[in-house]
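What follows is work38.txt (compact mmCIF, C-alpha atoms).
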# COMPACT_ATOMS: atom_id res chain seq x y z
CA MET E 1 67.74 101.16 79.85
CA SER E 2 70.83 101.27 77.65
CA ASP E 3 70.70 105.09 77.70
CA LEU E 4 71.25 105.18 81.46
CA LYS E 5 74.57 106.60 82.61
CA GLU E 6 76.35 104.71 85.37
CA VAL E 7 77.65 106.89 88.21
CA LEU E 8 81.27 106.13 89.15
CA THR E 9 80.90 105.16 92.79
CA ILE E 10 84.01 104.42 94.83
CA GLY E 11 82.87 100.79 94.89
CA ARG E 12 82.91 100.65 91.08
CA TYR E 13 86.28 102.41 91.03
CA PHE E 14 87.81 99.79 93.34
CA ARG E 15 86.23 96.87 91.50
CA ASN E 16 87.58 98.20 88.21
CA LYS E 17 91.06 98.60 89.70
CA PHE E 18 91.38 95.55 91.97
CA GLY E 19 88.94 93.12 90.38
CA GLU E 20 86.79 92.80 93.49
CA THR E 21 85.09 94.82 96.21
CA VAL E 22 87.40 96.70 98.60
CA TYR E 23 85.98 97.32 102.07
CA LYS E 24 86.83 100.43 104.08
CA VAL E 25 87.71 99.78 107.71
CA PRO E 26 87.08 102.97 109.77
CA ILE E 27 89.54 103.57 112.58
CA SER E 28 89.33 106.06 115.49
CA ILE E 29 92.58 106.53 117.38
CA SER E 30 92.28 108.29 120.74
CA GLY E 31 94.77 111.07 121.45
CA PHE E 32 94.17 112.62 118.02
CA THR E 33 92.51 116.01 118.04
CA CYS E 34 92.31 119.04 115.77
CA PRO E 35 93.88 122.54 115.69
CA ASN E 36 90.34 123.85 115.64
CA ILE E 37 89.60 122.18 118.97
CA ASP E 38 92.85 122.62 120.89
CA GLY E 39 93.04 126.39 120.38
CA THR E 40 95.80 126.48 117.75
CA VAL E 41 93.53 128.11 115.15
CA ALA E 42 90.19 128.20 117.00
CA ARG E 43 88.36 126.75 120.00
CA GLY E 44 85.36 124.47 120.16
CA GLY E 45 85.80 122.90 116.75
CA CYS E 46 83.63 123.56 113.72
CA SER E 47 80.14 124.71 114.67
CA PHE E 48 78.58 121.37 113.65
CA CYS E 49 81.16 119.11 115.31
CA GLU E 50 80.27 117.18 118.46
CA ASN E 51 83.55 115.39 118.43
CA ASP E 52 82.65 112.11 120.13
CA SER E 53 79.70 111.57 117.81
CA PHE E 54 82.12 111.22 114.91
CA SER E 55 84.13 108.55 116.72
CA PRO E 56 82.02 105.42 116.80
CA ASN E 57 84.98 103.15 117.49
CA LEU E 58 86.35 105.06 120.48
CA GLN E 59 85.62 103.18 123.69
CA GLY E 60 86.49 103.43 127.32
CA ASN E 61 88.17 106.35 129.05
CA LYS E 62 89.68 108.86 126.70
CA PRO E 63 93.30 109.74 127.57
CA LYS E 64 94.17 113.22 128.73
CA PHE E 65 97.15 113.08 126.39
CA LYS E 66 96.48 114.90 123.12
CA LEU E 67 98.65 114.86 120.02
CA ASN E 68 99.84 117.79 118.00
CA PRO E 69 102.81 118.12 115.60
CA LYS E 70 104.97 119.86 118.25
CA VAL E 71 104.78 117.05 120.81
CA LYS E 72 108.32 115.74 121.24
CA GLU E 73 107.38 112.33 122.58
CA ASN E 74 104.29 110.19 122.33
CA PRO E 75 104.04 108.04 125.46
CA TYR E 76 100.67 106.78 124.27
CA LEU E 77 101.88 105.30 120.97
CA ASN E 78 101.84 101.66 122.11
CA ASN E 79 98.23 102.05 123.27
CA GLN E 80 97.33 103.65 119.95
CA LEU E 81 98.89 100.78 118.03
CA LYS E 82 96.87 98.33 120.17
CA GLN E 83 93.69 100.28 119.43
CA LEU E 84 94.47 100.10 115.72
CA GLU E 85 95.02 96.34 115.94
CA MET E 86 91.82 95.70 117.92
CA GLN E 87 89.60 97.88 115.77
CA PHE E 88 90.97 96.57 112.50
CA SER E 89 90.74 92.90 113.58
CA ALA E 90 87.16 93.23 114.86
CA THR E 91 85.86 95.08 111.78
CA LYS E 92 87.75 92.83 109.34
CA LYS E 93 86.27 89.73 110.96
CA ARG E 94 82.75 91.17 110.78
CA LEU E 95 83.17 92.14 107.10
CA GLU E 96 84.59 88.71 106.26
CA ASN E 97 81.70 86.94 107.97
CA LYS E 98 78.98 89.18 106.55
CA PHE E 99 80.23 89.85 103.02
CA GLY E 100 83.09 87.43 102.41
CA ALA E 101 85.39 90.47 102.23
CA LYS E 102 88.95 89.81 100.99
CA LYS E 103 90.49 93.25 100.40
CA PHE E 104 90.56 96.18 102.82
CA LEU E 105 91.40 99.88 102.93
CA VAL E 106 92.19 101.24 106.40
CA TYR E 107 90.37 104.55 106.91
CA PHE E 108 91.76 106.84 109.61
CA GLN E 109 88.47 108.59 110.10
CA SER E 110 87.97 110.55 113.30
CA PHE E 111 89.50 113.92 114.04
CA THR E 112 92.52 115.14 112.07
CA ASN E 113 94.74 112.19 111.25
CA THR E 114 97.87 114.06 110.16
CA TYR E 115 97.86 116.37 113.19
CA ALA E 116 100.66 114.57 115.02
CA PRO E 117 104.46 114.16 114.90
CA LEU E 118 105.59 112.47 111.69
CA GLU E 119 107.12 109.54 113.59
CA THR E 120 103.74 108.77 115.18
CA LEU E 121 102.07 108.89 111.78
CA LYS E 122 104.70 106.60 110.29
CA SER E 123 104.20 104.06 113.09
CA LEU E 124 100.43 103.99 112.69
CA TYR E 125 100.30 104.06 108.89
CA SER E 126 102.99 101.41 108.42
CA LYS E 127 101.31 99.16 111.00
CA ALA E 128 97.98 99.49 109.19
CA LEU E 129 99.59 98.66 105.85
CA SER E 130 101.27 95.59 107.32
CA TYR E 131 97.98 93.78 107.88
CA GLU E 132 97.08 90.96 105.54
CA ASN E 133 94.94 91.92 102.51
CA VAL E 134 95.18 95.68 103.19
CA ILE E 135 95.56 97.39 99.82
CA GLY E 136 95.98 100.91 101.16
CA LEU E 137 95.00 103.79 103.43
CA SER E 138 92.54 106.65 103.42
CA ILE E 139 93.48 109.49 105.78
CA GLY E 140 90.93 112.04 106.94
CA THR E 141 92.48 115.45 107.63
CA ARG E 142 92.42 119.22 107.10
CA THR E 143 94.39 121.26 104.59
CA ASP E 144 96.04 123.23 107.41
CA CYS E 145 97.38 120.00 108.92
CA VAL E 146 99.57 118.64 106.14
CA THR E 147 103.16 119.53 105.32
CA GLU E 148 105.48 118.84 102.42
CA GLU E 149 107.22 116.27 104.62
CA ILE E 150 103.99 114.40 105.39
CA LEU E 151 102.90 114.43 101.75
CA ASP E 152 106.31 113.19 100.59
CA TYR E 153 106.07 110.30 103.05
CA LEU E 154 102.62 109.42 101.68
CA VAL E 155 104.03 109.56 98.15
CA ASP E 156 106.61 106.94 99.19
CA LEU E 157 103.82 104.72 100.54
CA SER E 158 101.81 105.22 97.34
CA LYS E 159 104.52 103.53 95.28
CA HIS E 160 103.27 100.19 96.60
CA LYS E 161 99.84 100.89 98.12
CA GLU E 162 96.63 102.77 97.36
CA ILE E 163 96.86 106.05 99.32
CA TRP E 164 94.02 108.55 99.66
CA VAL E 165 93.98 111.90 101.44
CA GLU E 166 90.47 113.00 102.46
CA TYR E 167 90.17 116.75 102.98
CA GLY E 168 87.24 118.40 104.70
CA ILE E 169 86.49 121.27 102.33
CA GLN E 170 82.84 121.92 103.29
CA SER E 171 82.69 125.25 101.40
CA PHE E 172 84.91 127.55 99.35
CA TYR E 173 83.21 130.68 100.71
CA ASP E 174 85.34 132.36 103.38
CA GLU E 175 82.29 133.98 104.98
CA THR E 176 80.84 130.49 105.47
CA LEU E 177 84.13 129.16 106.83
CA ASP E 178 84.16 132.03 109.35
CA GLU E 179 80.53 131.41 110.27
CA ILE E 180 81.18 127.72 111.03
CA ASN E 181 84.38 128.50 113.00
CA ARG E 182 86.46 126.53 110.51
CA GLY E 183 89.79 128.21 111.26
CA ASP E 184 90.99 127.67 107.68
CA SER E 185 90.72 129.70 104.48
CA SER E 186 89.64 128.89 100.95
CA ASP E 187 93.04 129.98 99.57
CA ASN E 188 94.86 127.63 101.94
CA MET E 189 92.56 124.76 100.98
CA ARG E 190 93.20 125.37 97.28
CA TYR E 191 96.96 125.52 97.84
CA TRP E 192 97.27 122.20 99.69
CA ILE E 193 94.81 120.33 97.50
CA LYS E 194 96.85 121.44 94.48
CA ARG E 195 100.11 120.37 96.18
CA THR E 196 98.64 116.99 97.09
CA LYS E 197 97.52 116.43 93.50
CA GLU E 198 100.84 117.68 92.07
CA LYS E 199 102.57 114.96 94.08
CA GLY E 200 100.32 112.33 92.51
CA LEU E 201 98.24 111.41 95.56
CA ASN E 202 94.53 110.55 95.44
CA VAL E 203 92.32 113.27 96.95
CA CYS E 204 88.75 112.98 98.20
CA GLY E 205 86.98 116.24 99.03
CA HIS E 206 84.18 116.42 101.61
CA LEU E 207 81.42 118.95 100.88
CA ILE E 208 78.57 119.93 103.19
CA PHE E 209 75.28 121.13 101.76
CA GLY E 210 73.01 123.29 103.93
CA LEU E 211 75.68 125.37 105.68
CA PRO E 212 74.42 128.62 107.29
CA ASN E 213 73.33 131.31 104.81
CA GLU E 214 74.34 129.32 101.74
CA THR E 215 72.09 129.20 98.68
CA GLN E 216 71.98 126.28 96.28
CA ASP E 217 74.03 128.34 93.81
CA MET E 218 76.76 128.73 96.44
CA MET E 219 76.77 124.99 97.16
CA LEU E 220 77.07 124.18 93.45
CA ASN E 221 79.80 126.81 93.03
CA THR E 222 81.83 125.12 95.78
CA LEU E 223 81.41 121.88 93.85
CA ASP E 224 82.60 123.59 90.63
CA GLN E 225 85.71 124.88 92.40
CA THR E 226 86.37 121.43 93.84
CA ILE E 227 86.14 119.86 90.37
CA LYS E 228 88.61 122.46 89.02
CA LEU E 229 91.18 121.26 91.57
CA ASN E 230 91.15 117.82 89.88
CA VAL E 231 90.12 115.87 92.95
CA ASP E 232 89.62 112.15 92.42
CA SER E 233 86.54 111.64 94.56
CA ILE E 234 83.86 113.53 96.49
CA LYS E 235 81.71 112.93 99.56
CA PHE E 236 78.45 114.83 99.98
CA HIS E 237 76.99 115.46 103.43
CA PRO E 238 73.89 117.33 104.63
CA LEU E 239 74.41 119.64 107.61
CA TYR E 240 72.45 118.27 110.54
CA VAL E 241 72.35 119.58 114.10
CA VAL E 242 73.41 117.39 117.00
CA LYS E 243 73.51 118.21 120.71
CA ASN E 244 76.53 119.86 122.35
CA THR E 245 77.80 121.80 119.34
CA LEU E 246 78.27 125.48 118.60
CA LEU E 247 75.34 125.13 116.17
CA THR E 248 72.97 123.79 118.84
CA ALA E 249 72.23 127.18 120.41
CA LYS E 250 71.72 128.90 117.04
CA PHE E 251 69.26 126.21 116.01
CA ARG E 252 67.36 126.39 119.31
CA ASN E 253 67.24 130.19 119.10
CA GLY E 254 65.79 130.02 115.59
CA LYS E 255 68.93 131.49 114.00
CA PHE E 256 69.63 128.42 111.86
CA THR E 257 67.24 126.35 109.78
CA PRO E 258 68.58 123.05 108.38
CA ILE E 259 68.31 122.25 104.68
CA SER E 260 65.10 120.51 103.60
CA GLU E 261 65.24 116.97 102.28
CA ASP E 262 63.89 118.05 98.88
CA MET E 263 66.49 120.81 98.53
CA TYR E 264 69.29 118.45 99.60
CA ILE E 265 68.29 115.73 97.12
CA ASP E 266 67.93 118.30 94.33
CA THR E 267 71.40 119.72 95.08
CA VAL E 268 72.99 116.27 95.12
CA VAL E 269 71.35 115.32 91.81
CA LYS E 270 72.51 118.57 90.20
CA SER E 271 76.00 117.92 91.60
CA VAL E 272 76.19 114.37 90.23
CA LYS E 273 75.20 115.66 86.79
CA LYS E 274 78.08 118.17 86.92
CA LEU E 275 80.76 115.60 87.79
CA PRO E 276 83.18 114.52 85.05
CA GLY E 277 83.36 110.77 84.52
CA ASN E 278 86.73 110.37 86.25
CA ILE E 279 85.60 111.70 89.65
CA SER E 280 84.12 108.99 91.85
CA ILE E 281 81.52 109.48 94.58
CA GLN E 282 82.21 108.00 98.00
CA ARG E 283 79.06 109.21 99.74
CA VAL E 284 75.83 110.92 98.71
CA THR E 285 74.48 111.59 102.19
CA ALA E 286 75.01 111.05 105.90
CA GLY E 287 72.85 110.70 108.95
CA ILE E 288 72.75 109.79 112.59
CA ASP E 289 70.07 107.64 114.18
CA ASP E 290 70.42 108.35 117.89
CA SER E 291 69.23 110.75 120.57
CA THR E 292 71.91 113.35 119.79
CA LEU E 293 70.19 114.37 116.52
CA LEU E 294 68.14 117.54 116.92
CA SER E 295 67.31 118.34 113.28
CA PRO E 296 66.43 117.64 110.53
CA GLN E 297 64.62 114.42 111.36
CA TRP E 298 64.98 113.11 107.80
CA CYS E 299 68.68 112.62 108.60
CA LYS E 300 67.72 109.77 110.93
CA ASN E 301 67.33 107.25 108.12
CA LYS E 302 70.37 107.26 105.84
CA HIS E 303 69.18 104.24 103.84
CA GLN E 304 65.89 105.96 103.01
CA GLN E 305 67.81 109.04 101.85
CA ILE E 306 70.02 106.93 99.61
CA TYR E 307 66.92 105.26 98.15
CA LYS E 308 65.33 108.65 97.39
CA ILE E 309 68.55 109.99 95.87
CA ARG E 310 68.89 106.86 93.74
CA GLU E 311 65.31 107.25 92.51
CA ALA E 312 65.82 110.97 91.76
CA LEU E 313 68.99 110.19 89.80
CA LEU E 314 67.21 107.44 87.87
CA LYS E 315 64.64 109.99 86.68
CA GLU E 316 67.55 112.02 85.28
CA GLY E 317 69.02 108.98 83.54
CA TYR E 318 71.73 108.07 86.08
CA VAL E 319 72.30 104.74 87.82
CA TYR E 320 73.83 105.19 91.27
Final structure tokens representation of the file:
Amino acid sequence: MSDLKEVLTIGRYFRNKFGETVYKVPISISGFTCPNIDGTVARGGCSFCENDSFSPNLQGNKPKFKLNPKVKENPYLNNQLKQLEMQFSATKKRLENKFGAKKFLVYFQSFTNTYAPLETLKSLYSKALSYENVIGLSIGTRTDCVTEEILDYLVDLSKHKEIWVEYGIQSFYDETLDEINRGDSSDNMRYWIKRTKEKGLNVCGHLIFGLPNETQDMMLNTLDQTIKLNVDSIKFHPLYVVKNTLLTAKFRNGKFTPISEDMYIDTVVKSVKKLPGNISIQRVTAGIDDSTLLSPQWCKNKHQQIYKIREALLKEGYVY
């Protein structure tokens, strides 16, 4: 057993740095959208995105008001701050009761969380950091939705708090990005990831395995390119098909076949073996256990996937 290599999970990273487990508190603020949904760069969002399914904390009637960086005023800000307060308090209490949690990282998860006027971002981020026992933020966004000004503000915050920027990369193949209606380019992604790292911020890259027409070699090449950008952490996701997406029709017409479980696990294991020791893993898979999932059915049980991935890694000498 002494020959086993321990995988640097984000949990181990935080325990090494803060001396105890840090719990992520996912937040979904209504009014946020994406330039790929509102028509700025594309319409309909990425082909796999059924937007509400990625927003488990959004409740009630969604406002007609939508943010973008050019909005001069945000009349909805007070409501957004209340949402932040309610979601954080409820999740924090549950984590405290269930796990005895003491330290928290606020994760702005749904939609594109820098796609708003800077003053709105400052209000939300500073409010989140003001809560007791919050050690930092993780901000989910796109590389076409950050600016030098936003990054410089995050650098200021990072002087006293743990700040992460989570970029949806998905693939570094432009033909794939076009196929999934991404509305962003591989060159632009490289540029902003490099800028974010040059400023000293923590970067987590999200990769999707099983994108249309991609071979395993392409998936692993995207990983190689991500590693070369010196990211600090990676999340791996399988591409699954849910209802009401651009991908739904292609799947139903037989024009898209989701990745098999065996191929996904094999690709993840090969990816983990490629990672240098300083890059942590925040997620090895994802799934959705509700009626919106069309395929593949193995994505229904995320815990079973994690078990299988853990077992496959163990055979290769890695402890996840």
Exercise on segment 143-156 of chain E, axis-aligned box with 8 Å per side, report centre and edge lengths in Å to one decimal, as AutoDock Vina command-line options:
--center_x 100.8 --center_y 115.1 --center_z 103.5 --size_x 28.8 --size_y 32.3 --size_z 26.8
For the point (67.0, 114.7, 85.9) in file coordinates, what residues are within 12 Å, counting all atoms listed in the file? Give the answer as an NGL selection string?
:E and (4-5 or 265-274 or 309-319)
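One distance worth recording is that between atom CA of Lys250 of chain E and atom CA of Arg182 of chain E, which is 16.3 Å.
Closest approach to His206 of chain E among E:Phe14, E:Phe99, E:Tyr307, E:Phe236 is made by E:Phe236 (distances from all atoms listed in the file).
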What does the distance between atom CA of Lys228 of chain E and atom CA of Tyr173 of chain E come to in Å, to one decimal place?
15.3 Å
Find the spatial neighbours of Leu211 of chain E, counting all atoms listed in the file, within a cut-off of 10 Å - ignore same-chain residues fewer than 4 positions away - and output them as a VMD selection string.
chain E and resid 48 170 to 171 176 to 177 179 to 180 207 215 218 to 219 238 to 240 256 to 259
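Atom CA of Ile163 of chain E is found 8.8 Å from atom CA of Ile135 of chain E.
Distance annotation: of E:Ser185, E:Gln225, E:Thr141, E:Ser126, the residue with the minimal separation from Ser158 of chain E is E:Ser126; atom set is only C-alpha atoms.
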Do you have, as CSV, the list of residues of segment 112-146 of chain E lying at most 12 Å from segment 78-88 of chain E, each with its nearest atom pair and that distance in Å to one decimal, counting all atoms listed in the file and ordered by chain then number?
residue,atom,partner,partner_atom,distance
E:Thr120,CA,E:Gln80,CA,9.5
E:Leu121,CA,E:Leu81,CA,10.7
E:Lys122,CA,E:Leu81,CA,11.3
E:Ser123,CA,E:Leu81,CA,8.0
E:Leu124,CA,E:Leu81,CA,6.4
E:Tyr125,CA,E:Leu81,CA,9.8
E:Ser126,CA,E:Leu81,CA,10.5
E:Lys127,CA,E:Leu81,CA,7.6
E:Ala128,CA,E:Leu84,CA,7.4
E:Leu129,CA,E:Phe88,CA,11.1
E:Ser130,CA,E:Glu85,CA,10.7
E:Tyr131,CA,E:Phe88,CA,8.8
E:Glu132,CA,E:Phe88,CA,10.8
E:Asn133,CA,E:Phe88,CA,11.7
E:Val134,CA,E:Phe88,CA,10.3
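Residue neighbourhood of segment 290-297 of chain E, excluding near-sequence residues (fewer than 2 positions): Glu50, Ser53, Pro238, Leu239, Tyr240, Val241, Val242, Lys243, Asn244, Thr248, Phe251, Arg252, Thr257, Pro258, Ile259, Ser260, Glu261, Gly287, Ile288, Cys299, Lys300 and Asn301 of chain E, at 10 Å, using all atoms listed in the file.
With only C-alpha atoms as the atoms that count, the minimum distance from Leu247 of chain E to the choices E:Ser28, E:Ser186, E:Ser47, E:Asn181 is reached by E:Ser47.
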